[in-house]
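Take a look at the structure below.
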Amino acid sequence: VMGMEPVGYYDLSVAGVPVHSTAFRPVHDEALLANPFRVFTSLLRLELIADEALRAQAAEILERRRIFTPRALELIAQAERDGGLDSSDADAFVQQALETFRWHSDATVDAATYKALQKAHRLVADVVCFKGPHINHLTPRTLDIDMAQADMPARGMDAKDVVEGPPQRACPILLRQTSFKALKEAVRFTDADANADSSGAHTARFGEIEQRGVALTRKGRALYDELLGLVRGIDSAGSAAPDYAHRLQQVFTQFPDTHEQLRRQGLAFYRYRLTEQAQASLAQSPAGADLEALIDRGLVQAEPITYEDFLPVSAAGIFQSNLGGEEQKQYQAHAAQQVFESALGARVHDEIALYEASEQQSRAQVLAMLSGAAA
């Protein structure tokens with residue numbers, strides 16, 4: 001119940017980034033309350049490297065890579081054999097696992113290979129040229145991302161130009177993201193003279209900030225995607241366009257902005273519960289099972305279900321901003337969810353189905369309680 005499971009499939013190539021991704025997170029309501037965290041995890045799509053020779057070279061480099069330490073693999077085998085680890089070995093395993101995800105400034109390639117892969121796409125170089133995967137960013141959640149966006153430059157932070165996702169609204173929907181840009185970090189390539197200072201540099205790690213709103217239904221997501229497409233389809237610059245924020249705000253006036261409208265039009269998900277005064281009212285005059293009437297009478301409350309997942313175009317915009325996305329890449333390839341799941345070794349959850357289940361469960365619980373009171 002408390003585990004992190006892969007939720008959602010995100011094809012970032014639709015926005016010019018050659019990866020596809022999922023997010024590991026809890027999938028049950030009680031687990032999310034205890035552990036409301038998620039790990040967005042991306043897999044490089046080698047087939048999107050146009051140069052065949054460079055693609056083969058990247059595959060060969062990755063084939064040689066061993067991302068786990070020998071001791072970590074030993075402890076995994078020991079845990080599987082013995083059904084777990086004692087406290088000392090568990091501590092050792094955590095330390096060994098940290099080696100996999102920490103930043104390594106020593107590249108696994110020479111400077112020329114790095115530059116060739118970087119030319120294909122900066123994220124290709126970020127994945128291929130180092131010892132293993134690393135944590136790009138941590139993402140604190142804020143209740144007012146626009147204030148954070150305005151405050152960062154005032155505090156000397158190099159903020160992203162615009163907030164990704166939907167515009168500022170009375171009723172926040174889905175996810176809004178911004179970031180302060182990645183620092184250039186010194187990198188030592190394999191051909192660097194042992195007695196000379198290598199001048200290589202790479203941008204990889206940045207800070208991100210998010211604000212989460214209500215999860216949208218399939219109908220709501222279709223409207224969101226349609227409106228976002230209208231804004232981004234005007235030119236190829238996407239969120240880098242000078243008037244992007246203004247265009248976004250104007251187009252999204254077509255998206256209802258009260259919770260009553262969102263709920264009644266079936267655009268967003270809500271969790272239902274009996275209000276405090278409901279029990280006394282029901283005992284005196286049992287109510288029928290009409291949920292809307294109960295809400296109107298103040299006996300049932302509809303609470304927005306928080307969106308726990310991601311948006312591919314927004315994620316791509318953050319990557320492009322922080323890994324040097326001045327050039328706009330265009331990929332013709334389509335999403336490859338089956339290929340991704342084969343590499344993952346598991347199916348990913350449909351995030352909208354999870355929200356649907358949460359809403360339906362709460363609705364059933366409320367109606368069951370009403371039936372009990374009426375009986």
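The way I read the labels, and the way they are meant: chains A, B, ... in the order of the structure tokens, residue 1 as the first residue of every chain, and ligand 1 as the first ligand shown, with later ones counted on from there.
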- Query: Any idea what's packed within 12 Å of range 66-70 of chain A, counting only C-alpha atoms, ignoring anything in its chain fewer than 5 positions away? Could you give it as a PyMOL selection string?
  - Reply: chain A and resi 61+75-77+92-102+104+108+127-128+130-134
Just write the chosen residues, N, CA and C atoms, as a tab-separated table (two decimals), in the first residue's frame.
```tsv
chain	number	residue	atom	x	y	z
A	61	ILE	N	28.49	3.28	-25.61
A	61	ILE	CA	28.94	3.91	-24.36
A	61	ILE	C	28.03	3.48	-23.20
A	75	LEU	N	24.39	-6.56	-1.97
A	75	LEU	CA	23.39	-6.38	-0.91
A	75	LEU	C	21.97	-6.64	-1.44
A	76	ILE	N	21.71	-6.30	-2.71
A	76	ILE	CA	20.40	-6.61	-3.30
A	76	ILE	C	20.20	-8.13	-3.35
A	77	ALA	N	21.25	-8.84	-3.80
A	77	ALA	CA	21.16	-10.30	-3.86
A	77	ALA	C	20.97	-10.89	-2.47
A	92	ALA	N	24.39	0.37	4.96
A	92	ALA	CA	25.41	0.24	3.92
A	92	ALA	C	24.77	0.32	2.54
A	93	PHE	N	23.59	-0.32	2.40
A	93	PHE	CA	22.91	-0.30	1.09
A	93	PHE	C	22.52	1.12	0.70
A	94	VAL	N	22.01	1.89	1.66
A	94	VAL	CA	21.62	3.28	1.36
A	94	VAL	C	22.83	4.07	0.88
A	95	GLN	N	23.97	3.90	1.56
A	95	GLN	CA	25.18	4.62	1.15
A	95	GLN	C	25.62	4.20	-0.25
A	96	GLN	N	25.55	2.91	-0.53
A	96	GLN	CA	25.95	2.43	-1.86
A	96	GLN	C	24.97	2.93	-2.94
A	97	ALA	N	23.68	2.97	-2.61
A	97	ALA	CA	22.69	3.46	-3.58
A	97	ALA	C	22.89	4.94	-3.88
A	98	LEU	N	23.30	5.70	-2.87
A	98	LEU	CA	23.54	7.13	-3.09
A	98	LEU	C	24.63	7.36	-4.13
A	99	GLU	N	25.58	6.43	-4.23
A	99	GLU	CA	26.64	6.56	-5.23
A	99	GLU	C	26.07	6.55	-6.64
A	100	THR	N	24.97	5.86	-6.83
A	100	THR	CA	24.37	5.78	-8.17
A	100	THR	C	23.77	7.12	-8.58
A	101	PHE	N	23.19	7.84	-7.65
A	101	PHE	CA	22.41	9.02	-8.01
A	101	PHE	C	23.12	10.35	-7.75
A	102	ARG	N	24.30	10.30	-7.16
A	102	ARG	CA	24.99	11.57	-6.91
A	102	ARG	C	25.65	12.07	-8.19
A	104	HIS	N	28.52	13.14	-10.64
A	104	HIS	CA	29.93	12.80	-10.88
A	104	HIS	C	30.48	13.80	-11.90
A	108	THR	N	32.65	10.20	-18.84
A	108	THR	CA	33.11	8.89	-19.32
A	108	THR	C	33.55	8.94	-20.77
A	127	VAL	N	22.75	12.41	-20.39
A	127	VAL	CA	22.52	11.01	-20.05
A	127	VAL	C	23.72	10.13	-20.38
A	128	VAL	N	24.30	10.33	-21.56
A	128	VAL	CA	25.29	9.38	-22.09
A	128	VAL	C	26.69	9.58	-21.51
A	130	PHE	N	28.09	10.50	-18.62
A	130	PHE	CA	28.49	10.44	-17.22
A	130	PHE	C	28.27	9.03	-16.66
A	131	LYS	N	28.74	8.81	-15.47
A	131	LYS	CA	28.81	7.45	-14.92
A	131	LYS	C	27.45	6.80	-14.72
A	132	GLY	N	26.43	7.59	-14.52
A	132	GLY	CA	25.12	7.02	-14.28
A	132	GLY	C	24.07	8.10	-14.19
A	133	PRO	N	22.84	7.71	-13.86
A	133	PRO	CA	21.77	8.71	-13.70
A	133	PRO	C	22.07	9.59	-12.49
A	134	HIS	N	21.59	10.81	-12.55
A	134	HIS	CA	21.75	11.68	-11.39
A	134	HIS	C	20.46	12.46	-11.17
```
- Query: Any idea what's packed within 9 Å of range 170-180 of chain A, counting only C-alpha atoms, ignoring anything in its chain fewer than 4 positions away? Could you give it as a PyMOL selection string?
  - Reply: chain A and resi 139+145+148-149+152+157-166+206-216+256-259+268+306-311+314-315+318+321-322
- Residue contacts of Ala53 in chain A (12 Å, only C-alpha atoms) excluding same-chain residues fewer than 6 positions away, as a list in words: Leu46, Glu47, Ala59, Glu60, Thr113, Ala116, Leu117 and Ala120 of chain A
Give me a file of those residues, with all heavy atoms, as a short mmCIF file (atom, residue, chain, number, x, y, z; two decimals), in the first residue's frame.
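After the write, result-v1.cif holds the following:
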```cif
data_model
loop_
_atom_site.label_atom_id
_atom_site.label_comp_id
_atom_site.auth_asym_id
_atom_site.auth_seq_id
_atom_site.Cartn_x
_atom_site.Cartn_y
_atom_site.Cartn_z
N LEU A 46 17.18 6.57 -27.74
CA LEU A 46 18.30 6.59 -28.66
C LEU A 46 17.86 6.68 -30.12
O LEU A 46 18.57 7.24 -30.96
CB LEU A 46 19.16 5.32 -28.47
CG LEU A 46 20.02 5.27 -27.21
CD1 LEU A 46 20.64 3.89 -27.06
CD2 LEU A 46 21.11 6.34 -27.26
N GLU A 47 16.68 6.12 -30.43
CA GLU A 47 16.23 6.12 -31.82
C GLU A 47 15.95 7.53 -32.34
O GLU A 47 15.84 7.74 -33.56
CB GLU A 47 14.97 5.25 -31.97
CG GLU A 47 13.67 5.86 -31.49
CD GLU A 47 13.40 5.66 -30.01
OE1 GLU A 47 14.35 5.25 -29.29
OE2 GLU A 47 12.27 5.91 -29.55
N ALA A 59 24.92 4.16 -27.91
CA ALA A 59 24.48 2.86 -27.41
C ALA A 59 25.66 2.07 -26.85
O ALA A 59 25.55 1.41 -25.81
CB ALA A 59 23.80 2.07 -28.53
N GLU A 60 26.80 2.15 -27.52
CA GLU A 60 27.99 1.41 -27.07
C GLU A 60 28.52 1.97 -25.75
O GLU A 60 28.91 1.22 -24.85
CB GLU A 60 29.07 1.48 -28.17
CG GLU A 60 30.24 0.54 -27.96
CD GLU A 60 31.35 1.19 -27.12
OE1 GLU A 60 31.50 2.42 -27.18
OE2 GLU A 60 32.07 0.43 -26.41
N THR A 113 33.56 13.76 -28.17
CA THR A 113 32.34 12.94 -28.11
C THR A 113 31.24 13.69 -27.37
O THR A 113 30.08 13.70 -27.79
CB THR A 113 32.63 11.60 -27.41
OG1 THR A 113 33.64 10.91 -28.14
CG2 THR A 113 31.38 10.74 -27.34
N ALA A 116 29.76 16.30 -29.66
CA ALA A 116 28.94 15.70 -30.72
C ALA A 116 27.58 15.30 -30.16
O ALA A 116 26.53 15.54 -30.80
CB ALA A 116 29.65 14.50 -31.32
N LEU A 117 27.55 14.68 -28.98
CA LEU A 117 26.30 14.28 -28.36
C LEU A 117 25.49 15.49 -27.91
O LEU A 117 24.26 15.50 -28.00
CB LEU A 117 26.57 13.34 -27.19
CG LEU A 117 27.10 11.95 -27.58
CD1 LEU A 117 27.68 11.24 -26.37
CD2 LEU A 117 25.99 11.12 -28.22
N ALA A 120 23.57 16.85 -30.80
CA ALA A 120 22.35 16.10 -31.08
C ALA A 120 21.22 16.59 -30.18
O ALA A 120 20.11 16.83 -30.64
CB ALA A 120 22.59 14.61 -30.87
#
```
- Item | Length of the CA of Glu5 in chain A to CA of Phe24 in chain A vector [Å] | 4.9 Å
- Write out as an MDAnalysis selection string each polymer residue whose atoms come within 12 Å of Ser358 in chain A, counting only C-alpha atoms; drop sequence neighbours fewer than 2 positions from it. chainID A and resid 27:30 32 215 269:273 303:307 351:356 360:365
- Message: Report as a ChimeraX atom specification all protein, DNA and RNA residues lying within 9 Å of Phe255 in chain A, evaluated on only C-alpha atoms, omitting residues in the same chain fewer than 6 positions from it.
- Response: /A:220,223-224,227,262
Could those selected residues go to a file with N, CA and C atoms, as an mmCIF file, in the first residue's frame?
```cif
data_model
loop_
_atom_site.group_PDB
_atom_site.id
_atom_site.type_symbol
_atom_site.label_atom_id
_atom_site.label_comp_id
_atom_site.auth_asym_id
_atom_site.auth_seq_id
_atom_site.Cartn_x
_atom_site.Cartn_y
_atom_site.Cartn_z
ATOM 1 N N GLY A 220 -11.768 17.223 -19.097
ATOM 2 C CA GLY A 220 -11.018 18.412 -18.709
ATOM 3 C C GLY A 220 -9.633 18.455 -19.346
ATOM 4 N N LEU A 223 -9.852 19.484 -22.988
ATOM 5 C CA LEU A 223 -10.001 20.934 -23.117
ATOM 6 C C LEU A 223 -8.681 21.634 -22.824
ATOM 7 N N TYR A 224 -7.985 21.209 -21.777
ATOM 8 C CA TYR A 224 -6.687 21.803 -21.452
ATOM 9 C C TYR A 224 -5.708 21.651 -22.614
ATOM 10 N N LEU A 227 -6.645 23.937 -25.582
ATOM 11 C CA LEU A 227 -6.327 25.347 -25.365
ATOM 12 C C LEU A 227 -4.827 25.584 -25.373
ATOM 13 N N LEU A 262 -16.464 23.554 -12.615
ATOM 14 C CA LEU A 262 -15.565 22.447 -12.962
ATOM 15 C C LEU A 262 -16.196 21.110 -12.617
#
```
